[in-house]
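Colleague: Below you will find the structure I want to go over with you.
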Amino acid sequence: MPAEADAVRAGNYDARFAPLAEPSWRPAAGGAHWLRVRLPPEVAGRDPVLAIARSSIDSIEVHVPLPGGGWDVLQGGARRDSALASTCCFAFALPREVPGGVLYVRVVDEVPTRLELSLQAWPDWADREREATAVVAVALLALLAMALVNLAFYAVLRERDYLLLVGAQAAMAVWVAYDGGLLAGLAQWPWPGMSGLFPWVIAGGAAAFCCTAFMQSYCGLAARAPRYSRLLGAVRWLLLLLTLSTILPWPQAAPVLRDAINACLLALGALALAAPVLVLRSARRPALFVLVGWAVTVAVLAWRARYNLGFGTADLLVVHGLPLAAAMLALVLSVALAERALDLRKQRDRAEFQRIAAESRLRVAQTRRALVEGLDGLLQHAGSDLKFTAYKRALAALRHVLPMRGAAWVAEGTDGHRMLVAEPAGVRDKVAEFVRRRGATLRSVAQTGRSIVLSPTDSDQQALDGTPLTAAVVPLRPDDSAWSVLLVAREQWQEFSPEDFEVARDFLALAARAAAEGRRRAALQQKASFDALTGALNRGNIESTVEAAFGDAVHARQPLSVLFIDLDHFKKVNDLNGHSAGDECLVRVTQRIEHVLKPGQAIGRYGGEEFLVVLPGADGPEARAIAERIRQAVRERPISTDNLTIPLTVSIGGASRQPGELSWKHMLERADQAVYTAKRQGRDRVAWGDPVAAQSA
C-alpha cells in the first residue's frame with residue numbers, strides 16, 4: 001500500500017480519475033478505492049472539514065499535502081477511530097491552506113457502500129454536528145427510558161409482549177448509537193464475521209425481528225389472520241437468519257448478503273404494514289396504534305433502503321429520519337401497550353366491580369330470604385307488637401346489607417300520633433330529636449315521593465361519638481298511616497346510590513306487608529273466634545275454653561264452674577221492638593256480664609240469646625254469687641235504645657266440677673239442665689246443677 005499511495009499522491013494516476021456528476025458514488029465491487037478531491041474556493045482558508053456520510057465503511061484514509069512537503073494521513077471508518085468525533089458523519093479536519101488545493105481519499109470496504117462526500121467550513125459543519133447530536137441524544141434517551149419502563153412492567157406483569165418491546169427498544173438504541181458514531185470505540189474490537197456488516201446489521205435486524213413479533217402478538221394476528229401471520233413469521237425468521245449469517249467468515253458473500261438483508265427489511269416492512277389493516281375491523285384500537293407507528297417507520301426505512309441501494313441523495317430524512325422514526329415507533333408501541341394494560345386494568349376493575357356487585361346482590365337476596373322467613377315465622381306467633389317487631393327486623397336486616405351507622409322507620413297516623421322504630425336501639429333518642437326538629441321536612445319528602453340526602457348541618461346529624469353523618473330520607477308507601485319514611489345515616493364519605501334506596505324500600509315493604517298480613521289475620525282470628533255482634537267468644541271458642549280450663553282444673557285439683565245465661569222472653573223483645581233493638585239488648589247484656597267478671601274468666605255466646613260463662617278457680621258458692629251479681633246487673637237497669645226502655649231478666653243455670661269427674665261435657669249438661677229448672681221455677685233466678693249447691697240455694 002505505501003508504494004500505491006506514493007504513486008497516487010505523486011499524480012501518476014491523475015489521468016485515470018473520472019469526474020463525478022454529484023458528490024455521491026457507489027462502487028461496483030468491494031475492495032480499496034481512491035478518490036481525488038479538489039477544495040472549492042468558498043471553503044479554502046475557512047478551516048475546511050471533509051465529511052463523508054456515516055455508513056458501514058471499513059476504513060477511510062485522507063491524504064493531505066503539507067506546505068513544507070510530505071503528506072499527512074487522517075484515518076477513520078467503521079473499524080477505525082475517526083479523526084473527529086462526529087455523530088452525523090465521518091469528519092476530517094483539514095488545514096486552512098492545502099497546497100495545490102487537492103487531496104486524496106482512500107476507501108476500503110468489503111461490501112460496496114454508497115459514499116456521500118461534502119466539503120464544509122468548520123462553522124457549517126459544527127452547526128450540522130450539533131443538530132445531529134441533538135437528534136441522536138433525543139432518540140437514545142427516549143428509547144432507553146421506554147425500555148426501562150417496559151422492563152419494569154415486565155418484571156411486575158410477566159407479560160411476553162413487554163419483553164418483546166424491551167428487546168426491540170434496546171436493539172433500536174444500540175443501532176441508533178452505532179449509526180450516530182457513539183460506539184466508535186467498538187470499531188477497534190476484533191468482531192467476527194463479515195467486515196462492514198457485523199455488528200452493523202445485528203442491532204437493526206434484532207429490532208425489526210422484535211418489533212414484528214410484538215406486532216403479531218399485540219394485534220392477535222395468529223387468531224385473526226393465521227395464514228398471513230405464518231407468512232409474516234417466515235419473513236421475520238428469514239431476516240433473523242440473514243442477520244446472524246453476518247457472523248460467518250464469508251467476505252465474498254457480503255455484498256449479496258447486504259442487499260438480501262435490505263430487501264428482506266423492505267418485504268418485512270410492507271407485510272407488517274399490511275397486517276394491522278387486515279385486523280382493523282376485529283381489533284380496531286390495537287391495529288390503529290400499530291398502523292400509525294409502523295407506517296411512519298416503514299416509510300423512513302424504505303427511504304433509507306432506497307438510498308443504501310444507490311438511489312437518491314442523503315437528505316434530512318436519510319440522515320436524521322431513522323433515529324427519530326425508531327424513537328417514535330417505540331413511543332407509539334409503548335403507548336399502545338400501556339393503553340392495553342390500562343384497558344386490562346379497567347376490565348379487571350370492571351370484573352372486580354361486577355364480582356363485588358354480584359356478592360352484594362347475593363348477600364341482599366340471602367338476607368331478604370332470611371327476612372321473609374323470619375317475618376313468616378313472626379306471623380305464626382303474632383302478638384300485639386307485631387308491627388313494631390316486623391319493622392325492627394327489617395331495619396336489622398337492612399343494616400346487614402347496607403353500610404350505615406343507624407336507621408329508623410318513622411310513621412305518622414291520621415290522628416297525628418307518631419311511631420318510631422330505630423336500629424340500633426341506642427340511637428332512638430337521637431333519632432327522636434331529629435324527627436322532632438325535622439318533622440316538616442320528613443312530611444314533605446313523604447308527600448313528594450322523592451328520596452333526598454341531608455348533609456350534616458347541625459348536631460342532630462351527628463353520631464353518638466360526634467362524627468358528622470349524612471342522612472338519607474326515603475319515602476315509603478304508607479300502610480295504615482298518613483305518611484312514613486325511612487332514615488338511613490352514614491358517614492360523609494359514604495355516598496348513597498339508587499340501588500341502596502331500592503333495597504331499603506324493598507325491605508321496608510316486606511315489613512309493611514307483614515304488618516298488614518298480621519292485621520288481616522288478627523281480623524280473621526277475631527271474626528273466627530268472637531261473635532261478630534257482641535264481641536264475646538263464639539260457641540266453638542268458648543267450648544274450647546271450657547275444655548282447656550277443665551283439663552287445668554283436673555291437673556291442678558282446682559275448682560271450676562260454668563254458668564249458662566238465657567235472656568227471658570227475648571222473642572217478645574224482637575217481636576215488639578224489632579231485631580235491631582234485640583241486637584242492642586244482646587250487646588248491652590254482654591257488656592254487663594263482662595263488667596262483673598274478673599280477669600281470667602270468659603264469656604261466650606252459645607246460641608241466639610244464650611251465653612256461657614267459664615269461671616276457673618271458682619267453687620259452687622263463689623260461682624253462685626257471681627251468677628247473682630250478673631242477674632241483678634241485668635234486672636236492675638233496663639236497656640235504653642232508640643227512645644225505648646226495655647226491661648230484661650235472665651235465667652242462670654250453673655254447675656261446678658265434681659270430684660272424680662273426667663268430662664267437661666257432663667258439667668255443661670248439668671248447667672244446661674239447671675237453666676231449664678230456673679225457667680220452670682218462674683225465670684229471673686239462678687238454679688244449680690250440683691246437689692250441694694242446690695241444697696245451699
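Here's how to read the names in the C-alpha cells: chain A, B, ... by the order shown, residue numbers from 1 in each chain, ligand numbers from 1 in the order shown.
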Find the spatial neighbours of segment 529-542 of chain A, counting only C-alpha atoms, within a cut-off of 8 Å - ignore same-chain residues fewer than 3 positions away - and output them as a VMD selection string.
Modeller: chain A and resid 525 to 526 545 to 546 583 586 to 587 590 602 to 607 612
Colleague: Give me, as number ranges by chain, all polymer residues having an atom no more than 12 Å from Ala208 of chain A, counting only C-alpha atoms and skipping those fewer than 6 positions away in the same chain.
Modeller: A: 164-165, 167-172, 175, 201-202, 214-215, 232-233, 235-240, 243, 261-262, 264-269, 272, 294, 297-298, 301, 326, 329-330
Colleague: Please return as a ChimeraX atom specification: the residues of segment 210-424 of chain A that backbone DSSP assigns to helix (DSSP H, G or I).
Modeller: /A:210-219,221-224,226-245,251-278,284-308,316-380,386-401
Colleague: Could you please determine the separation between atom CA of Leu386 of chain A and atom CA of Ser360 of chain A in Å, to one decimal place?
Modeller: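 According to the coordinates, atom CA of Leu386 of chain A and atom CA of Ser360 of chain A are separated by 29.0 Å.
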Colleague: Could you give me, as a ChimeraX atom specification, the residues within 10 Å of Glu669 of chain A, counting only C-alpha atoms and dropping anything in the same chain fewer than 4 positions from it?
Modeller: /A:564,654-655,664-665,673-675,689
Colleague: List the neighbours of Gly413 of chain A out to 9 Å using only C-alpha atoms; skip same-chain residues closer than 3 positions along the sequence, and give me the result as a ChimeraX atom specification.
Modeller: /A:416-419,480-484
Colleague: Go ahead and compute the interatomic distance for atom CA of Asn12 of chain A and atom CA of Glu61 of chain A, in Å to one decimal.
Modeller: 18.4 Å
Colleague: Do a neighbour search on segment 121-126 of chain A at 8 Å with only C-alpha atoms, toss out local chain neighbours closer than 6 positions, and write the hits as a ChimeraX atom specification.
Modeller: /A:43,46-49
Colleague: For Ser561 of chain A, list every protein, DNA or RNA residue within 9 Å, evaluated using only C-alpha atoms, and leave out those in the same chain fewer than 4 positions away; present the list as a list in words.
Modeller: Val613, Val614, Leu615, Pro616, Gly617, Ala618, Asp619, Gly620, Glu622, Ala623, Gly654, Ala655, Ser656, Arg657 and Met667 of chain A
Colleague: Do you know which residues are at most 9 Å from segment 98-107 of chain A counting only C-alpha atoms, after dropping those on the same chain fewer than 2 positions away, and could you put them as an mmCIF file with N, CA and C atoms, in the first residue's frame?
Modeller:
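The file below, selection_18.cif, is the result:
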```
data_model
loop_
_atom_site.group_PDB
_atom_site.id
_atom_site.type_symbol
_atom_site.label_atom_id
_atom_site.label_comp_id
_atom_site.auth_asym_id
_atom_site.auth_seq_id
_atom_site.Cartn_x
_atom_site.Cartn_y
_atom_site.Cartn_z
ATOM 1 N N ALA A 5 0.196 4.295 -2.523
ATOM 2 C CA ALA A 5 -0.135 5.628 -2.038
ATOM 3 C C ALA A 5 0.827 6.664 -2.574
ATOM 4 N N VAL A 8 -0.085 7.394 -6.185
ATOM 5 C CA VAL A 8 -1.301 8.198 -6.308
ATOM 6 C C VAL A 8 -1.009 9.633 -5.936
ATOM 7 N N ARG A 9 -0.281 9.857 -4.819
ATOM 8 C CA ARG A 9 -0.006 11.205 -4.362
ATOM 9 C C ARG A 9 0.946 11.942 -5.292
ATOM 10 N N GLY A 31 -13.510 -3.644 -1.937
ATOM 11 C CA GLY A 31 -12.068 -3.507 -2.030
ATOM 12 C C GLY A 31 -11.646 -2.080 -1.732
ATOM 13 N N ALA A 32 -10.437 -1.711 -2.210
ATOM 14 C CA ALA A 32 -9.889 -0.371 -1.985
ATOM 15 C C ALA A 32 -10.149 0.501 -3.201
ATOM 16 N N HIS A 33 -10.533 1.749 -2.916
ATOM 17 C CA HIS A 33 -10.833 2.702 -3.976
ATOM 18 C C HIS A 33 -10.243 4.056 -3.582
ATOM 19 N N TRP A 34 -9.782 4.808 -4.647
ATOM 20 C CA TRP A 34 -9.202 6.128 -4.416
ATOM 21 C C TRP A 34 -10.118 7.188 -5.015
ATOM 22 N N LEU A 35 -10.194 8.299 -4.317
ATOM 23 C CA LEU A 35 -10.932 9.449 -4.827
ATOM 24 C C LEU A 35 -10.017 10.675 -4.754
ATOM 25 N N ARG A 36 -10.067 11.509 -5.788
ATOM 26 C CA ARG A 36 -9.286 12.749 -5.832
ATOM 27 C C ARG A 36 -10.249 13.916 -5.591
ATOM 28 N N VAL A 37 -9.978 14.688 -4.518
ATOM 29 C CA VAL A 37 -10.901 15.735 -4.074
ATOM 30 C C VAL A 37 -10.214 17.086 -4.232
ATOM 31 N N ARG A 38 -10.900 18.030 -4.902
ATOM 32 C CA ARG A 38 -10.386 19.383 -5.046
ATOM 33 C C ARG A 38 -11.216 20.318 -4.153
ATOM 34 N N LEU A 39 -10.516 21.130 -3.349
ATOM 35 C CA LEU A 39 -11.196 22.040 -2.442
ATOM 36 C C LEU A 39 -11.797 23.204 -3.205
ATOM 37 N N PRO A 40 -13.083 23.483 -3.014
ATOM 38 C CA PRO A 40 -13.709 24.636 -3.672
ATOM 39 C C PRO A 40 -13.229 25.936 -3.030
ATOM 40 N N PRO A 41 -13.241 27.009 -3.765
ATOM 41 C CA PRO A 41 -12.729 28.289 -3.234
ATOM 42 C C PRO A 41 -13.492 28.770 -2.007
ATOM 43 N N ALA A 44 -11.870 27.303 1.159
ATOM 44 C CA ALA A 44 -10.428 27.463 1.337
ATOM 45 C C ALA A 44 -10.161 28.608 2.309
ATOM 46 N N GLY A 45 -9.287 28.339 3.249
ATOM 47 C CA GLY A 45 -8.932 29.340 4.243
ATOM 48 C C GLY A 45 -9.938 29.490 5.364
ATOM 49 N N ILE A 57 -18.596 1.700 6.204
ATOM 50 C CA ILE A 57 -17.306 1.696 5.503
ATOM 51 C C ILE A 57 -16.247 1.186 6.467
ATOM 52 N N ASP A 58 -15.399 0.256 5.987
ATOM 53 C CA ASP A 58 -14.408 -0.351 6.875
ATOM 54 C C ASP A 58 -13.347 0.655 7.305
ATOM 55 N N SER A 59 -12.745 1.352 6.352
ATOM 56 C CA SER A 59 -11.702 2.318 6.719
ATOM 57 C C SER A 59 -11.619 3.418 5.667
ATOM 58 N N ILE A 60 -11.204 4.588 6.136
ATOM 59 C CA ILE A 60 -11.054 5.759 5.271
ATOM 60 C C ILE A 60 -9.692 6.397 5.591
ATOM 61 N N GLU A 61 -8.953 6.706 4.552
ATOM 62 C CA GLU A 61 -7.689 7.431 4.716
ATOM 63 C C GLU A 61 -7.752 8.702 3.877
ATOM 64 N N VAL A 62 -7.494 9.812 4.511
ATOM 65 C CA VAL A 62 -7.477 11.098 3.822
ATOM 66 C C VAL A 62 -6.003 11.568 3.770
ATOM 67 N N HIS A 63 -5.454 11.670 2.588
ATOM 68 C CA HIS A 63 -4.061 12.062 2.377
ATOM 69 C C HIS A 63 -4.036 13.544 2.026
ATOM 70 N N VAL A 64 -3.491 14.344 2.966
ATOM 71 C CA VAL A 64 -3.482 15.800 2.828
ATOM 72 C C VAL A 64 -2.033 16.279 2.634
ATOM 73 N N PRO A 65 -1.724 17.013 1.547
ATOM 74 C CA PRO A 65 -0.356 17.525 1.344
ATOM 75 C C PRO A 65 -0.029 18.625 2.346
ATOM 76 N N LEU A 66 1.233 18.644 2.773
ATOM 77 C CA LEU A 66 1.695 19.640 3.741
ATOM 78 C C LEU A 66 2.433 20.762 3.023
ATOM 79 N N PRO A 67 2.402 21.985 3.586
ATOM 80 C CA PRO A 67 3.063 23.120 2.912
ATOM 81 C C PRO A 67 4.563 22.922 2.739
ATOM 82 N N GLY A 69 6.067 20.154 2.229
ATOM 83 C CA GLY A 69 6.342 18.878 1.592
ATOM 84 C C GLY A 69 5.907 17.729 2.483
ATOM 85 N N GLY A 77 -13.358 5.529 9.802
ATOM 86 C CA GLY A 77 -14.143 4.432 9.249
ATOM 87 C C GLY A 77 -14.840 3.649 10.343
ATOM 88 N N LEU A 94 -9.321 19.565 7.960
ATOM 89 C CA LEU A 94 -8.243 19.844 7.010
ATOM 90 C C LEU A 94 -7.570 21.166 7.380
ATOM 91 N N PRO A 95 -6.308 21.332 7.015
ATOM 92 C CA PRO A 95 -5.641 22.613 7.266
ATOM 93 C C PRO A 95 -6.268 23.727 6.436
ATOM 94 N N ARG A 96 -6.070 24.953 6.893
ATOM 95 C CA ARG A 96 -6.669 26.087 6.193
ATOM 96 C C ARG A 96 -6.135 26.203 4.765
ATOM 97 N N ASP A 109 -13.635 -1.064 1.643
ATOM 98 C CA ASP A 109 -14.942 -1.595 2.072
ATOM 99 C C ASP A 109 -15.177 -2.912 1.360
#
```
Colleague: Quick one: pull the distance between atom CA of Glu543 of chain A and atom CA of Arg683 of chain A, Å, one decimal.
Modeller: 25.0 Å
